[in-house]
>>> print(open('my_file-v5.txt').read())   # compact mmCIF, C-alpha atoms and all ligand atoms
# COMPACT_ATOMS: atom_id res chain seq x y z
CA MET A 1073 22.51 0.60 -11.10
CA THR A 1074 24.36 2.13 -8.19
CA LYS A 1075 24.98 0.01 -5.16
CA THR A 1076 23.83 1.68 -1.96
CA SER A 1077 23.98 0.82 1.69
CA PHE A 1078 20.25 1.48 1.92
CA ASP A 1079 17.42 -0.82 1.21
CA LEU A 1080 16.08 1.19 -1.69
CA PRO A 1081 14.26 0.30 -4.86
CA PRO A 1082 16.23 0.51 -8.12
CA LEU A 1083 16.34 4.07 -9.37
CA SER A 1084 14.65 3.30 -12.66
CA THR A 1085 11.64 1.46 -11.27
CA PRO A 1086 10.25 2.80 -8.00
CA SER A 1087 9.00 -0.19 -6.10
CA ALA A 1088 5.27 -0.48 -5.65
CA THR A 1089 5.83 -1.50 -2.05
CA ALA A 1090 7.99 1.48 -1.10
CA ALA A 1091 6.01 4.41 0.31
CA PRO A 1092 5.38 6.75 -2.60
CA ILE A 1093 7.09 10.12 -2.33
CA HIS A 1094 4.73 13.05 -2.13
CA LEU A 1095 5.46 16.67 -2.55
CA LEU A 1096 3.24 17.23 0.40
CA ASP A 1097 1.73 14.52 2.56
CA LEU A 1098 -1.15 15.98 4.50
CA GLY A 1099 -2.62 12.53 5.11
CA ALA A 1100 0.50 11.35 6.93
CA GLN A 1101 0.73 14.65 8.79
CA HIS A 1102 -2.88 14.45 9.97
CA ALA A 1103 -2.95 10.75 10.85
CA PRO A 1104 -1.34 11.04 14.30
CA ILE A 1105 -3.63 13.96 15.25
CA GLN A 1106 -6.79 12.71 13.58
CA SER A 1107 -8.66 12.26 16.86
CA GLU A 1108 -7.66 15.75 18.05
CA ILE A 1109 -8.91 17.24 14.78
CA GLU A 1110 -12.15 15.28 14.93
CA ALA A 1111 -12.79 16.35 18.50
CA ALA A 1112 -12.20 19.99 17.54
CA LEU A 1113 -14.60 19.75 14.60
CA GLN A 1114 -17.16 17.95 16.74
CA GLN A 1115 -17.03 20.72 19.31
CA VAL A 1116 -17.83 23.34 16.68
CA LEU A 1117 -20.70 21.16 15.44
CA SER A 1118 -22.20 20.90 18.90
CA GLN A 1119 -21.74 24.61 19.60
CA ALA A 1120 -23.21 25.38 16.16
CA ALA A 1121 -21.50 28.79 16.06
CA PHE A 1122 -20.07 28.60 12.56
CA ILE A 1123 -19.32 32.28 11.96
CA GLN A 1124 -17.05 34.00 14.48
CA GLY A 1125 -17.48 31.13 16.94
CA PRO A 1126 -15.26 30.98 20.03
CA ALA A 1127 -12.47 29.03 18.29
CA VAL A 1128 -11.69 32.01 16.04
CA ALA A 1129 -10.76 34.36 18.89
CA GLU A 1130 -9.07 31.52 20.78
CA PHE A 1131 -6.91 30.69 17.79
CA ALA A 1132 -6.02 34.37 17.26
CA GLN A 1133 -5.04 34.62 20.90
CA GLU A 1134 -2.88 31.50 20.76
CA LEU A 1135 -1.18 32.40 17.51
CA GLY A 1136 -0.53 35.90 18.90
CA ALA A 1137 1.07 34.38 21.98
CA TYR A 1138 3.27 32.17 19.79
CA LEU A 1139 4.35 35.29 17.84
CA ASP A 1140 5.57 37.12 20.92
CA ASN A 1141 2.22 38.74 21.67
CA ALA A 1142 1.51 40.27 18.28
CA HIS A 1143 -2.11 41.18 17.52
CA VAL A 1144 -3.56 38.55 15.20
CA ILE A 1145 -6.58 39.31 13.02
CA PRO A 1146 -7.95 36.20 11.31
CA CYS A 1147 -9.42 36.53 7.81
CA GLY A 1148 -10.59 34.48 4.85
CA ASN A 1149 -7.28 33.75 3.09
CA GLY A 1150 -3.79 35.07 2.51
CA THR A 1151 -4.76 37.13 -0.53
CA ASP A 1152 -7.51 38.91 1.41
CA ALA A 1153 -4.98 39.49 4.18
CA LEU A 1154 -2.73 41.35 1.72
CA GLN A 1155 -5.68 43.34 0.44
CA LEU A 1156 -6.80 44.23 3.97
CA ALA A 1157 -3.25 45.22 4.93
CA LEU A 1158 -3.11 47.61 1.98
CA MET A 1159 -6.62 48.96 2.70
CA SER A 1160 -5.53 49.80 6.23
CA LEU A 1161 -2.78 52.07 4.83
CA ARG A 1162 -5.37 54.32 3.09
CA LEU A 1163 -3.00 55.08 0.22
CA PRO A 1164 -4.24 57.51 -2.44
CA ALA A 1165 -5.51 55.99 -5.70
CA GLY A 1166 -2.63 55.23 -8.04
CA ALA A 1167 -0.03 55.17 -5.28
CA GLU A 1168 2.87 52.83 -5.99
CA VAL A 1169 3.56 49.71 -4.01
CA ILE A 1170 6.87 47.92 -4.47
CA VAL A 1171 6.62 44.13 -4.81
CA PRO A 1172 9.23 41.49 -5.69
CA ALA A 1173 9.56 40.44 -9.33
CA PHE A 1174 9.78 36.86 -8.02
CA THR A 1175 6.86 35.82 -5.81
CA TYR A 1176 3.43 34.25 -5.93
CA VAL A 1177 1.06 36.43 -7.93
CA ALA A 1178 -1.18 37.22 -4.93
CA THR A 1179 1.39 39.71 -3.61
CA MET A 1180 0.94 41.83 -6.73
CA GLU A 1181 -2.73 41.09 -7.32
CA ALA A 1182 -3.77 42.60 -3.98
CA VAL A 1183 -2.11 45.87 -5.02
CA ALA A 1184 -3.66 45.97 -8.47
CA ILE A 1185 -7.20 45.11 -7.34
CA LEU A 1186 -7.23 48.19 -5.10
CA GLY A 1187 -6.34 50.54 -7.96
CA LEU A 1188 -2.81 50.95 -6.66
CA ARG A 1189 0.18 50.50 -8.94
CA PRO A 1190 2.44 47.48 -8.45
CA VAL A 1191 6.10 48.38 -9.02
CA CYS A 1192 8.27 45.31 -9.39
CA ALA A 1193 11.74 45.21 -7.93
CA GLU A 1194 14.59 42.79 -8.47
CA VAL A 1195 15.37 40.02 -6.00
CA LEU A 1196 18.66 38.65 -4.71
CA PRO A 1197 20.09 35.61 -6.49
CA ASP A 1198 20.97 33.84 -3.23
CA THR A 1199 17.95 34.30 -0.94
CA PHE A 1200 15.40 34.95 -3.75
CA CYS A 1201 13.98 37.81 -1.62
CA LEU A 1202 13.74 41.55 -2.38
CA ASP A 1203 17.06 43.26 -3.12
CA PRO A 1204 17.10 46.33 -0.83
CA ALA A 1205 19.25 48.26 -3.34
CA ALA A 1206 16.68 47.59 -6.06
CA VAL A 1207 13.90 48.69 -3.73
CA ALA A 1208 15.76 51.92 -2.97
CA ALA A 1209 16.12 52.57 -6.71
CA ALA A 1210 12.39 51.94 -7.28
CA ILE A 1211 11.20 54.48 -4.72
CA THR A 1212 9.51 57.56 -6.22
CA PRO A 1213 7.46 60.41 -4.69
CA ARG A 1214 4.37 58.25 -5.39
CA THR A 1215 5.58 55.19 -3.47
CA GLY A 1216 3.38 54.35 -0.50
CA ALA A 1217 4.46 50.93 0.63
CA ILE A 1218 6.85 48.02 0.18
CA ILE A 1219 5.66 44.44 0.34
CA ALA A 1220 8.47 42.11 1.40
CA VAL A 1221 7.88 38.41 0.80
CA HIS A 1222 9.67 35.93 3.03
CA LEU A 1223 9.97 33.50 0.18
CA PHE A 1224 10.16 29.75 0.74
CA GLY A 1225 10.46 30.21 4.52
CA GLN A 1226 13.37 32.62 5.00
CA CYS A 1227 13.13 36.30 5.87
CA ALA A 1228 13.82 39.05 3.39
CA ASP A 1229 16.42 41.55 4.65
CA LEU A 1230 14.20 43.10 7.29
CA THR A 1231 16.96 45.30 8.66
CA ALA A 1232 17.61 47.05 5.33
CA LEU A 1233 13.94 47.16 4.32
CA THR A 1234 12.81 48.56 7.68
CA GLU A 1235 15.48 51.25 7.42
CA LEU A 1236 14.46 52.14 3.84
CA ALA A 1237 10.81 52.35 4.86
CA ARG A 1238 11.68 54.58 7.81
CA GLN A 1239 13.85 56.93 5.72
CA HIS A 1240 11.21 57.36 3.03
CA HIS A 1241 8.13 57.31 5.29
CA LEU A 1242 6.78 54.18 3.63
CA ALA A 1243 4.77 51.39 5.16
CA LEU A 1244 6.35 47.93 5.20
CA ILE A 1245 4.01 45.00 4.69
CA GLU A 1246 5.39 41.51 5.22
CA ASP A 1247 3.81 38.77 3.13
CA ASN A 1248 4.55 35.95 5.53
CA ALA A 1249 2.45 33.24 3.86
CA GLN A 1250 5.51 30.99 3.59
CA ALA A 1251 7.53 31.76 6.72
CA ILE A 1252 5.33 31.45 9.78
CA GLY A 1253 7.54 30.95 12.82
CA ALA A 1254 10.74 32.17 11.13
CA THR A 1255 12.72 34.76 13.06
CA TRP A 1256 14.98 37.65 12.10
CA GLN A 1257 17.95 38.89 14.09
CA PRO A 1258 18.12 42.70 13.89
CA ALA A 1259 21.42 44.56 14.34
CA GLN A 1260 20.49 45.16 17.97
CA GLY A 1261 18.18 43.47 20.41
CA ALA A 1262 16.39 40.16 20.41
CA ALA A 1263 15.28 38.18 17.36
CA VAL A 1264 11.81 39.03 16.07
CA PHE A 1265 9.16 36.92 14.36
CA ALA A 1266 8.68 37.27 10.62
CA GLY A 1267 5.41 39.08 9.96
CA THR A 1268 5.52 41.16 13.14
CA VAL A 1269 8.16 43.70 12.10
CA GLY A 1270 6.45 45.86 9.48
CA GLU A 1271 3.26 47.92 9.92
CA VAL A 1272 1.30 44.80 8.95
CA GLY A 1273 2.18 41.19 8.34
CA THR A 1274 -0.02 38.72 6.49
CA THR A 1275 -0.20 34.98 6.29
CA SER A 1276 -2.14 32.18 4.65
CA PHE A 1277 -3.50 28.95 6.07
CA PHE A 1278 -3.91 27.36 2.63
CA PRO A 1279 -3.62 23.61 3.32
CA SER A 1280 -0.10 23.28 1.90
CA LYS A 1281 1.36 26.11 3.98
CA ASN A 1282 3.47 25.28 7.05
CA LEU A 1283 0.42 25.97 9.22
CA GLY A 1284 -2.41 24.86 6.97
CA ALA A 1285 -6.16 24.57 7.52
CA LEU A 1286 -8.47 22.04 5.88
CA GLY A 1287 -9.46 24.74 3.41
CA ASP A 1288 -8.84 28.45 3.02
CA GLY A 1289 -7.81 30.75 5.83
CA GLY A 1290 -5.55 33.68 6.52
CA ALA A 1291 -4.53 36.24 9.11
CA LEU A 1292 -2.92 39.62 9.65
CA PHE A 1293 -0.38 40.54 12.30
CA THR A 1294 0.40 43.92 13.78
CA ARG A 1295 2.01 45.35 16.89
CA ASP A 1296 -0.30 48.39 16.83
CA ALA A 1297 -3.54 47.94 18.82
CA ALA A 1298 -5.38 50.68 16.92
CA ARG A 1299 -4.45 49.16 13.56
CA ALA A 1300 -5.55 45.74 14.84
CA THR A 1301 -9.00 47.15 15.64
CA TYR A 1302 -9.21 48.83 12.24
CA LEU A 1303 -8.15 45.65 10.42
CA ARG A 1304 -10.71 43.64 12.38
CA GLN A 1305 -13.40 46.07 11.25
CA LEU A 1306 -12.20 46.08 7.63
CA ALA A 1307 -12.36 42.28 7.54
CA ASN A 1308 -15.96 42.38 8.78
CA HIS A 1309 -17.77 44.79 6.41
CA GLY A 1310 -16.11 47.81 7.99
CA GLN A 1311 -18.51 47.60 10.87
CA THR A 1312 -17.76 49.15 14.24
CA ARG A 1313 -20.83 47.50 15.75
CA LYS A 1314 -23.53 45.39 14.20
CA TYR A 1315 -25.20 47.26 11.29
CA TYR A 1316 -23.02 50.36 11.73
CA HIS A 1317 -20.45 50.56 8.95
CA GLU A 1318 -17.78 53.21 9.25
CA HIS A 1319 -15.53 51.87 6.50
CA VAL A 1320 -15.93 50.13 3.18
CA GLY A 1321 -14.74 46.69 4.16
CA LEU A 1322 -14.69 43.09 3.04
CA ASN A 1323 -16.46 39.97 4.13
CA SER A 1324 -13.31 38.04 4.96
CA ARG A 1325 -13.59 35.80 7.99
CA LEU A 1326 -11.79 32.70 9.12
CA ASP A 1327 -14.32 29.84 9.37
CA THR A 1328 -14.85 28.62 12.91
CA LEU A 1329 -14.27 25.04 11.72
CA GLN A 1330 -10.92 26.04 10.25
CA ALA A 1331 -9.97 27.97 13.39
CA ALA A 1332 -10.74 24.90 15.51
CA VAL A 1333 -8.47 22.77 13.31
CA LEU A 1334 -5.76 25.43 13.30
CA ARG A 1335 -5.77 25.53 17.10
CA VAL A 1336 -4.91 21.84 17.09
CA LYS A 1337 -2.29 22.18 14.36
CA LEU A 1338 -0.62 25.24 15.92
CA ARG A 1339 0.36 23.08 18.89
CA HIS A 1340 2.34 20.86 16.50
CA LEU A 1341 3.87 23.63 14.39
CA PRO A 1342 7.20 23.82 16.27
CA THR A 1343 7.69 20.05 15.90
CA TRP A 1344 6.80 20.15 12.21
CA THR A 1345 9.10 23.11 11.63
CA ALA A 1346 11.95 21.26 13.32
CA ALA A 1347 11.26 18.22 11.09
CA ARG A 1348 11.40 20.43 7.98
CA GLN A 1349 14.66 21.98 9.17
CA HIS A 1350 16.09 18.55 9.88
CA ALA A 1351 15.18 17.34 6.39
CA ALA A 1352 16.68 20.52 4.90
CA ALA A 1353 19.92 20.00 6.80
CA PHE A 1354 20.09 16.47 5.40
CA TYR A 1355 19.60 17.73 1.83
CA ASP A 1356 22.22 20.43 2.46
CA LYS A 1357 24.69 17.81 3.62
CA MET A 1358 24.04 15.43 0.74
CA LEU A 1359 23.66 17.97 -2.07
CA GLY A 1360 25.91 20.82 -0.93
CA GLY A 1361 28.85 21.17 -3.27
CA VAL A 1362 27.40 18.95 -5.99
CA PRO A 1363 28.50 20.55 -9.29
CA GLY A 1364 25.65 22.03 -11.28
CA LEU A 1365 23.37 22.53 -8.29
CA GLN A 1366 23.08 25.18 -5.60
CA VAL A 1367 21.39 24.31 -2.30
CA PRO A 1368 19.35 27.06 -0.59
CA VAL A 1369 21.59 29.85 0.68
CA ARG A 1370 20.93 30.75 4.31
CA ASP A 1371 21.01 34.33 5.53
CA SER A 1372 22.71 34.03 8.92
CA ARG A 1373 20.34 36.66 10.35
CA SER A 1374 17.23 34.61 9.58
CA THR A 1375 16.00 31.21 10.61
CA HIS A 1376 14.54 29.23 7.71
CA VAL A 1377 11.30 27.25 8.17
CA PHE A 1378 11.60 25.59 4.75
CA HIS A 1379 8.15 25.97 3.33
CA GLN A 1380 10.05 24.89 0.24
CA TYR A 1381 13.49 23.41 -0.25
CA THR A 1382 14.41 25.15 -3.47
CA VAL A 1383 17.61 24.42 -5.33
CA THR A 1384 18.86 26.11 -8.47
CA VAL A 1385 20.16 24.02 -11.33
CA ALA A 1386 22.34 25.14 -14.21
CA ALA A 1387 20.11 26.77 -16.83
CA GLY A 1388 19.03 24.33 -19.51
CA GLN A 1389 19.16 21.34 -17.13
CA ARG A 1390 16.31 22.17 -14.79
CA ASP A 1391 13.44 20.82 -16.87
CA ALA A 1392 15.39 17.68 -17.74
CA LEU A 1393 16.17 17.08 -14.06
CA GLN A 1394 12.51 17.51 -13.19
CA GLU A 1395 11.55 14.97 -15.84
CA PHE A 1396 14.31 12.57 -14.70
CA LEU A 1397 12.94 12.77 -11.15
CA ARG A 1398 9.36 12.37 -12.32
CA GLU A 1399 10.25 9.14 -14.12
CA ARG A 1400 11.60 7.86 -10.80
CA GLY A 1401 8.45 8.70 -8.90
CA ILE A 1402 9.88 11.88 -7.37
CA PRO A 1403 7.62 14.91 -7.63
CA SER A 1404 9.13 18.39 -7.76
CA VAL A 1405 7.74 21.82 -8.59
CA VAL A 1406 8.88 25.01 -10.26
CA TYR A 1407 7.93 27.87 -7.97
CA TYR A 1408 7.66 30.08 -10.03
CA PRO A 1409 7.94 29.68 -13.80
CA VAL A 1410 6.97 33.28 -14.67
CA PRO A 1411 8.17 36.42 -12.87
CA THR A 1412 5.46 38.78 -11.72
CA HIS A 1413 6.42 41.54 -14.17
CA LEU A 1414 5.88 39.25 -17.18
CA GLN A 1415 2.52 37.80 -16.18
CA PRO A 1416 0.03 38.52 -18.98
CA ALA A 1417 -2.46 40.16 -16.61
CA TYR A 1418 0.12 42.79 -15.71
CA GLN A 1419 1.21 43.76 -19.23
CA TYR A 1420 -0.46 47.12 -18.64
CA LEU A 1421 2.41 48.00 -16.32
CA GLY A 1422 4.68 48.05 -19.37
CA TYR A 1423 7.47 45.77 -18.19
CA GLN A 1424 9.72 44.05 -20.72
CA PRO A 1425 11.68 40.81 -20.69
CA GLU A 1426 15.21 41.15 -19.32
CA GLN A 1427 14.21 44.01 -17.07
CA PHE A 1428 14.72 41.87 -13.96
CA PRO A 1429 17.40 39.37 -15.01
CA VAL A 1430 17.82 37.75 -11.60
CA ALA A 1431 14.10 37.02 -11.22
CA GLU A 1432 13.93 35.80 -14.81
CA ALA A 1433 16.95 33.53 -14.34
CA LEU A 1434 15.41 32.08 -11.19
CA CYS A 1435 12.27 31.21 -13.14
CA ARG A 1436 14.50 29.11 -15.42
CA THR A 1437 16.65 27.50 -12.73
CA VAL A 1438 14.68 26.91 -9.51
CA LEU A 1439 13.32 23.53 -8.51
CA SER A 1440 11.61 22.71 -5.23
CA LEU A 1441 12.23 19.19 -3.93
CA PRO A 1442 9.80 17.35 -1.66
CA ILE A 1443 10.05 18.64 1.90
CA HIS A 1444 7.43 18.01 4.51
CA PRO A 1445 7.43 16.90 8.14
CA THR A 1446 6.82 13.22 7.31
CA LEU A 1447 9.43 12.77 4.57
CA SER A 1448 11.56 9.80 5.64
CA PRO A 1449 15.38 9.61 5.51
CA ALA A 1450 15.11 6.65 3.12
CA GLN A 1451 12.97 8.74 0.77
CA GLN A 1452 15.46 11.57 1.00
CA HIS A 1453 18.32 9.22 0.16
CA TYR A 1454 16.41 8.02 -2.86
CA ILE A 1455 15.79 11.61 -3.98
CA VAL A 1456 19.38 12.68 -3.40
CA GLU A 1457 20.75 9.73 -5.34
CA ALA A 1458 18.50 10.43 -8.28
CA VAL A 1459 19.53 14.10 -8.32
CA LYS A 1460 23.20 13.16 -8.14
CA GLU A 1461 22.83 10.51 -10.81
CA PHE A 1462 21.31 13.08 -13.14
CA LEU A 1463 24.10 15.56 -12.50
CA GLY A 1464 26.75 12.89 -12.95
CA ALA A 1465 27.93 13.31 -9.39
CA LYS A 1466 29.33 10.43 -7.39
CA VAL A 1467 26.64 8.59 -5.47
CA GLU A 1468 27.86 7.62 -2.02
C1 LIG B 1 -0.03 31.27 -0.54
C2 LIG B 1 0.46 32.64 -0.73
C3 LIG B 1 -0.39 33.75 -0.78
C4 LIG B 1 -1.88 33.62 -0.88
O1 LIG B 1 -2.52 32.93 0.11
P1 LIG B 1 -4.00 32.35 -0.15
O2 LIG B 1 -4.43 31.93 1.21
O3 LIG B 1 -3.87 31.23 -1.10
O4 LIG B 1 -4.84 33.46 -0.67
C5 LIG B 1 0.16 35.01 -0.85
N1 LIG B 1 1.48 35.19 -0.91
C6 LIG B 1 2.35 34.16 -0.88
C7 LIG B 1 3.81 34.44 -0.93
C8 LIG B 1 1.87 32.85 -0.81
O5 LIG B 1 2.73 31.83 -0.81
>>> encode(input="my_file-v5.txt", output="structure tokens")
Amino acid sequence: MTKTSFDLPPLSTPSATAAPIHLLDLGAQHAPIQSEIEAALQQVLSQAAFIQGPAVAEFAQELGAYLDNAHVIPCGNGTDALQLALMSLRLPAGAEVIVPAFTYVATMEAVAILGLRPVCAEVLPDTFCLDPAAVAAAITPRTGAIIAVHLFGQCADLTALTELARQHHLALIEDNAQAIGATWQPAQGAAVFAGTVGEVGTTSFFPSKNLGALGDGGALFTRDAARATYLRQLANHGQTRKYYHEHVGLNSRLDTLQAAVLRVKLRHLPTWTAARQHAAAFYDKMLGGVPGLQVPVRDSRSTHVFHQYTVTVAAGQRDALQEFLRERGIPSVVYYPVPTHLQPAYQYLGYQPEQFPVAEALCRTVLSLPIHPTLSPAQQHYIVEAVKEFLGAKVE
């Protein structure tokens, strides 16, 4: 066993007394704000306005203020948000929408469910986000929109993608489920918030997201007041006033209880984001340069809010590393094991293996290590040492 300067359990037998390492520790995150959350829930209970109660508009207002005064339209979840964003574009049936070959399936699903055609595009091996050159090559006369995903907490190349969208008269949708609060530095002017750059941005308040509810929730962002009104109507049965329905819409509302909780949690988001960034910097320092492993590559134009801390490991070693960590009580996850173009449900699109080699290689090499605002330095040391031991690197 390796001698360390830290009071850590032996690597092979995680001590029962040491705090277990979680991938995500919502209990620890909620504990210090438990009374704030309870008071918020209690207030909704006493007001008894469960659908579109005051907390929903208040939360939208506050989140909009945080995002540099973007319009925020709350909805039921992040997948609905994507669907609503696409509905607001009124694309003709069968229009093509470019999505990354490496993302969560919801990005593609929202396209397909509307009778539009998902067109997968390759991603970059360093940032894991859409490759603008691949997007350019995928544009056809039928293309209506591009959905950029700010994967794992870092912005896709918004400068290049905005320019492509402008040149080809396409709408840019930003799937910002993983990067709330991240910013992008354009070539000129001030930095802008992820999700507020394209025609529409979407996010999710799924409990594990950086800003998570106690259940499902989502929202859309836009800088266009008219589109905000339209999206608000689409999310509420397409009604312009009660019982008058001008559009075919959805029933997709953020619960008042969730909005009340999100108001509380939004106040802590900057602190939690800073804690994630701090933990990421520690991992970078300890794991950067370790042979056989690549730490997340930062795009200098983007801040990174580290929804995930995702390393890549030499092909063929990833699954063994994951198992090695699991045996030591260290959870890790493969986001994502299957690229979007090879998901069985999307076989009808006719994609073949090896069509998007970068995305496919990522599916074989990525591993997300625990990162959350309450991960302790001692836990991180334990994780780092286990990773290094596996890779045969010197443990300091
Ligand atoms: C979580 C997530 C979604 C879906 O959000 P839900 O609220 O679970 O519907 C969409 N896209 C990405 C990239 C996500 O991470």
>>> closest_residue(input="my_file-v5.txt", among="A:Leu1439, A:Ala1112, A:Val1269, A:Val1171", to="ligand LIG 1 (chain B)", atoms="only C-alpha atoms and all ligand atoms")
A:Val1171
>>> atom_distance(input="my_file-v5.txt", atom1="CA of Phe1293 in chain A", atom2="CA of Leu1095 in chain A")
28.7 Å
>>> closest_residue(input="my_file-v5.txt", among="A:Leu1359, A:Ala1291, A:Leu1397, A:Leu1286", to="Gln1330 in chain A", atoms="all atoms listed in the file")
A:Leu1286
>>> closest_residue(input="my_file-v5.txt", among="A:Val1438, A:Ala1243, A:Leu1338, A:Ala1251", to="Gly1388 in chain A", atoms="only C-alpha atoms")
A:Val1438
>>> residues_around(input="my_file-v5.txt", residues="range 1146-1153 of chain A", least_positions_apart="4", cutoff="7 Å", atoms="all atoms listed in the file", output="MDAnalysis selection string")
chainID A and resid 1132 1157 1178 1182 1249 1274:1277 1288:1292 1307 1324:1326
>>> closest_residue(input="my_file-v5.txt", among="A:Leu1365, A:Met1358, A:Ile1245, A:Leu1329", to="Ala1285 in chain A", atoms="only C-alpha atoms")
A:Leu1329
>>> closest_residue(input="my_file-v5.txt", among="A:Leu1139, A:Leu1283, A:Ile1211, A:Ala1206", to="ligand LIG 1 (chain B)", atoms="all atoms listed in the file")
A:Leu1283
>>> atom_distance(input="my_file-v5.txt", atom1="CA of Asp1247 in chain A", atom2="CA of Thr1294 in chain A")
12.3 Å
>>> atom_distance(input="my_file-v5.txt", atom1="CA of Asn1141 in chain A", atom2="CA of Thr1375 in chain A")
19.2 Å
>>> residues_around(input="my_file-v5.txt", residues="Glu1108 in chain A", least_positions_apart="4", cutoff="9 Å", atoms="all atoms listed in the file", output="short mmCIF file (atom, residue, chain, number, x, y, z; two decimals) with C-alpha atoms, in the coordinates of the input")
data_model
loop_
_atom_site.label_atom_id
_atom_site.label_comp_id
_atom_site.auth_asym_id
_atom_site.auth_seq_id
_atom_site.Cartn_x
_atom_site.Cartn_y
_atom_site.Cartn_z
CA PRO A 1104 -1.34 11.04 14.30
CA ALA A 1112 -12.20 19.99 17.54
CA LEU A 1113 -14.60 19.75 14.60
CA VAL A 1333 -8.47 22.77 13.31
CA VAL A 1336 -4.91 21.84 17.09
#
>>> residues_around(input="my_file-v5.txt", residues="Thr1231 in chain A", least_positions_apart="2", cutoff="9 Å", atoms="all atoms listed in the file", output="list of chain:residue names")
A:Ala1228, A:Asp1229, A:Leu1233, A:Thr1234, A:Glu1235, A:Leu1236, A:Trp1256, A:Gln1257, A:Pro1258, A:Ala1259
>>> write_last_selection(input="my_file-v5.txt", atoms="C-alpha atoms", output="PDB file, in the frame of the given file")
ATOM      1  CA  ALA A1228      13.820  39.050   3.390  1.00  0.00           C
ATOM      2  CA  ASP A1229      16.420  41.550   4.650  1.00  0.00           C
ATOM      3  CA  LEU A1233      13.940  47.160   4.320  1.00  0.00           C
ATOM      4  CA  THR A1234      12.810  48.560   7.680  1.00  0.00           C
ATOM      5  CA  GLU A1235      15.480  51.250   7.420  1.00  0.00           C
ATOM      6  CA  LEU A1236      14.460  52.140   3.840  1.00  0.00           C
ATOM      7  CA  TRP A1256      14.980  37.650  12.100  1.00  0.00           C
ATOM      8  CA  GLN A1257      17.950  38.890  14.090  1.00  0.00           C
ATOM      9  CA  PRO A1258      18.120  42.700  13.890  1.00  0.00           C
ATOM     10  CA  ALA A1259      21.420  44.560  14.340  1.00  0.00           C
TER      11      ALA A1259
END
>>> closest_residue(input="my_file-v5.txt", among="A:Phe1462, A:Phe1224, A:Tyr1316, A:Tyr1176", to="Gln1394 in chain A", atoms="only C-alpha atoms")
A:Phe1462
>>> residues_around(input="my_file-v5.txt", residues="Leu1393 in chain A", least_positions_apart="3", cutoff="12 Å", atoms="only C-alpha atoms", output="VMD selection string")
chain A and resid 1364 to 1365 1383 to 1390 1396 to 1400 1402 to 1406 1437 to 1441 1455 to 1456 1458 to 1464
>>> write_last_selection(input="my_file-v5.txt", atoms="C-alpha atoms", output="compact mmCIF listing (two decimals), keeping the file's coordinate frame")
# COMPACT_ATOMS: atom_id res chain seq x y z
CA GLY A 1364 25.65 22.03 -11.28
CA LEU A 1365 23.37 22.53 -8.29
CA VAL A 1383 17.61 24.42 -5.33
CA THR A 1384 18.86 26.11 -8.47
CA VAL A 1385 20.16 24.02 -11.33
CA ALA A 1386 22.34 25.14 -14.21
CA ALA A 1387 20.11 26.77 -16.83
CA GLY A 1388 19.03 24.33 -19.51
CA GLN A 1389 19.16 21.34 -17.13
CA ARG A 1390 16.31 22.17 -14.79
CA PHE A 1396 14.31 12.57 -14.70
CA LEU A 1397 12.94 12.77 -11.15
CA ARG A 1398 9.36 12.37 -12.32
CA GLU A 1399 10.25 9.14 -14.12
CA ARG A 1400 11.60 7.86 -10.80
CA ILE A 1402 9.88 11.88 -7.37
CA PRO A 1403 7.62 14.91 -7.63
CA SER A 1404 9.13 18.39 -7.76
CA VAL A 1405 7.74 21.82 -8.59
CA VAL A 1406 8.88 25.01 -10.26
CA THR A 1437 16.65 27.50 -12.73
CA VAL A 1438 14.68 26.91 -9.51
CA LEU A 1439 13.32 23.53 -8.51
CA SER A 1440 11.61 22.71 -5.23
CA LEU A 1441 12.23 19.19 -3.93
CA ILE A 1455 15.79 11.61 -3.98
CA VAL A 1456 19.38 12.68 -3.40
CA ALA A 1458 18.50 10.43 -8.28
CA VAL A 1459 19.53 14.10 -8.32
CA LYS A 1460 23.20 13.16 -8.14
CA GLU A 1461 22.83 10.51 -10.81
CA PHE A 1462 21.31 13.08 -13.14
CA LEU A 1463 24.10 15.56 -12.50
CA GLY A 1464 26.75 12.89 -12.95
>>> residues_near_point(input="my_file-v5.txt", point="(10.6, 12.7, 7.5)", cutoff="10 Å", atoms="all atoms listed in the file", output="list in words")
Trp1344, Ala1347, Arg1348, His1350, Ala1351, Ile1443, His1444, Pro1445, Thr1446, Leu1447, Ser1448, Pro1449, Ala1450, Gln1451 and Gln1452 of chain A
>>> residues_around(input="my_file-v5.txt", residues="Tyr1420 in chain A", least_positions_apart="6", cutoff="12 Å", atoms="only C-alpha atoms", output="PyMOL selection string")
chain A and resi 1184+1189-1191+1413-1414
>>> residues_near_point(input="my_file-v5.txt", point="(-12.0, 25.6, 17.2)", cutoff="8 Å", atoms="only C-alpha atoms", output="list in words")
Ala1112, Leu1113, Gln1115, Val1116, Gly1125, Pro1126, Ala1127, Val1128, Glu1130, Phe1131, Thr1328, Leu1329, Gln1330, Ala1331, Ala1332, Val1333, Leu1334 and Arg1335 of chain A
>>> decode(input="my_file-v5.txt", residues="range 1409-1419 of chain A", atoms="C-alpha atoms", output="mmCIF file, in the first residue's frame")
data_model
loop_
_atom_site.group_PDB
_atom_site.id
_atom_site.type_symbol
_atom_site.label_atom_id
_atom_site.label_comp_id
_atom_site.auth_asym_id
_atom_site.auth_seq_id
_atom_site.Cartn_x
_atom_site.Cartn_y
_atom_site.Cartn_z
ATOM 1 C CA PRO A 1409 -21.740 4.689 -23.884
ATOM 2 C CA VAL A 1410 -23.599 4.896 -27.223
ATOM 3 C CA PRO A 1411 -23.412 7.774 -29.718
ATOM 4 C CA THR A 1412 -26.733 9.200 -30.816
ATOM 5 C CA HIS A 1413 -26.404 7.957 -34.406
ATOM 6 C CA LEU A 1414 -26.110 4.322 -33.269
ATOM 7 C CA GLN A 1415 -29.009 4.271 -30.817
ATOM 8 C CA PRO A 1416 -31.418 1.509 -31.874
ATOM 9 C CA ALA A 1417 -34.406 3.869 -31.943
ATOM 10 C CA TYR A 1418 -32.701 5.961 -34.611
ATOM 11 C CA GLN A 1419 -31.702 3.159 -36.979
#
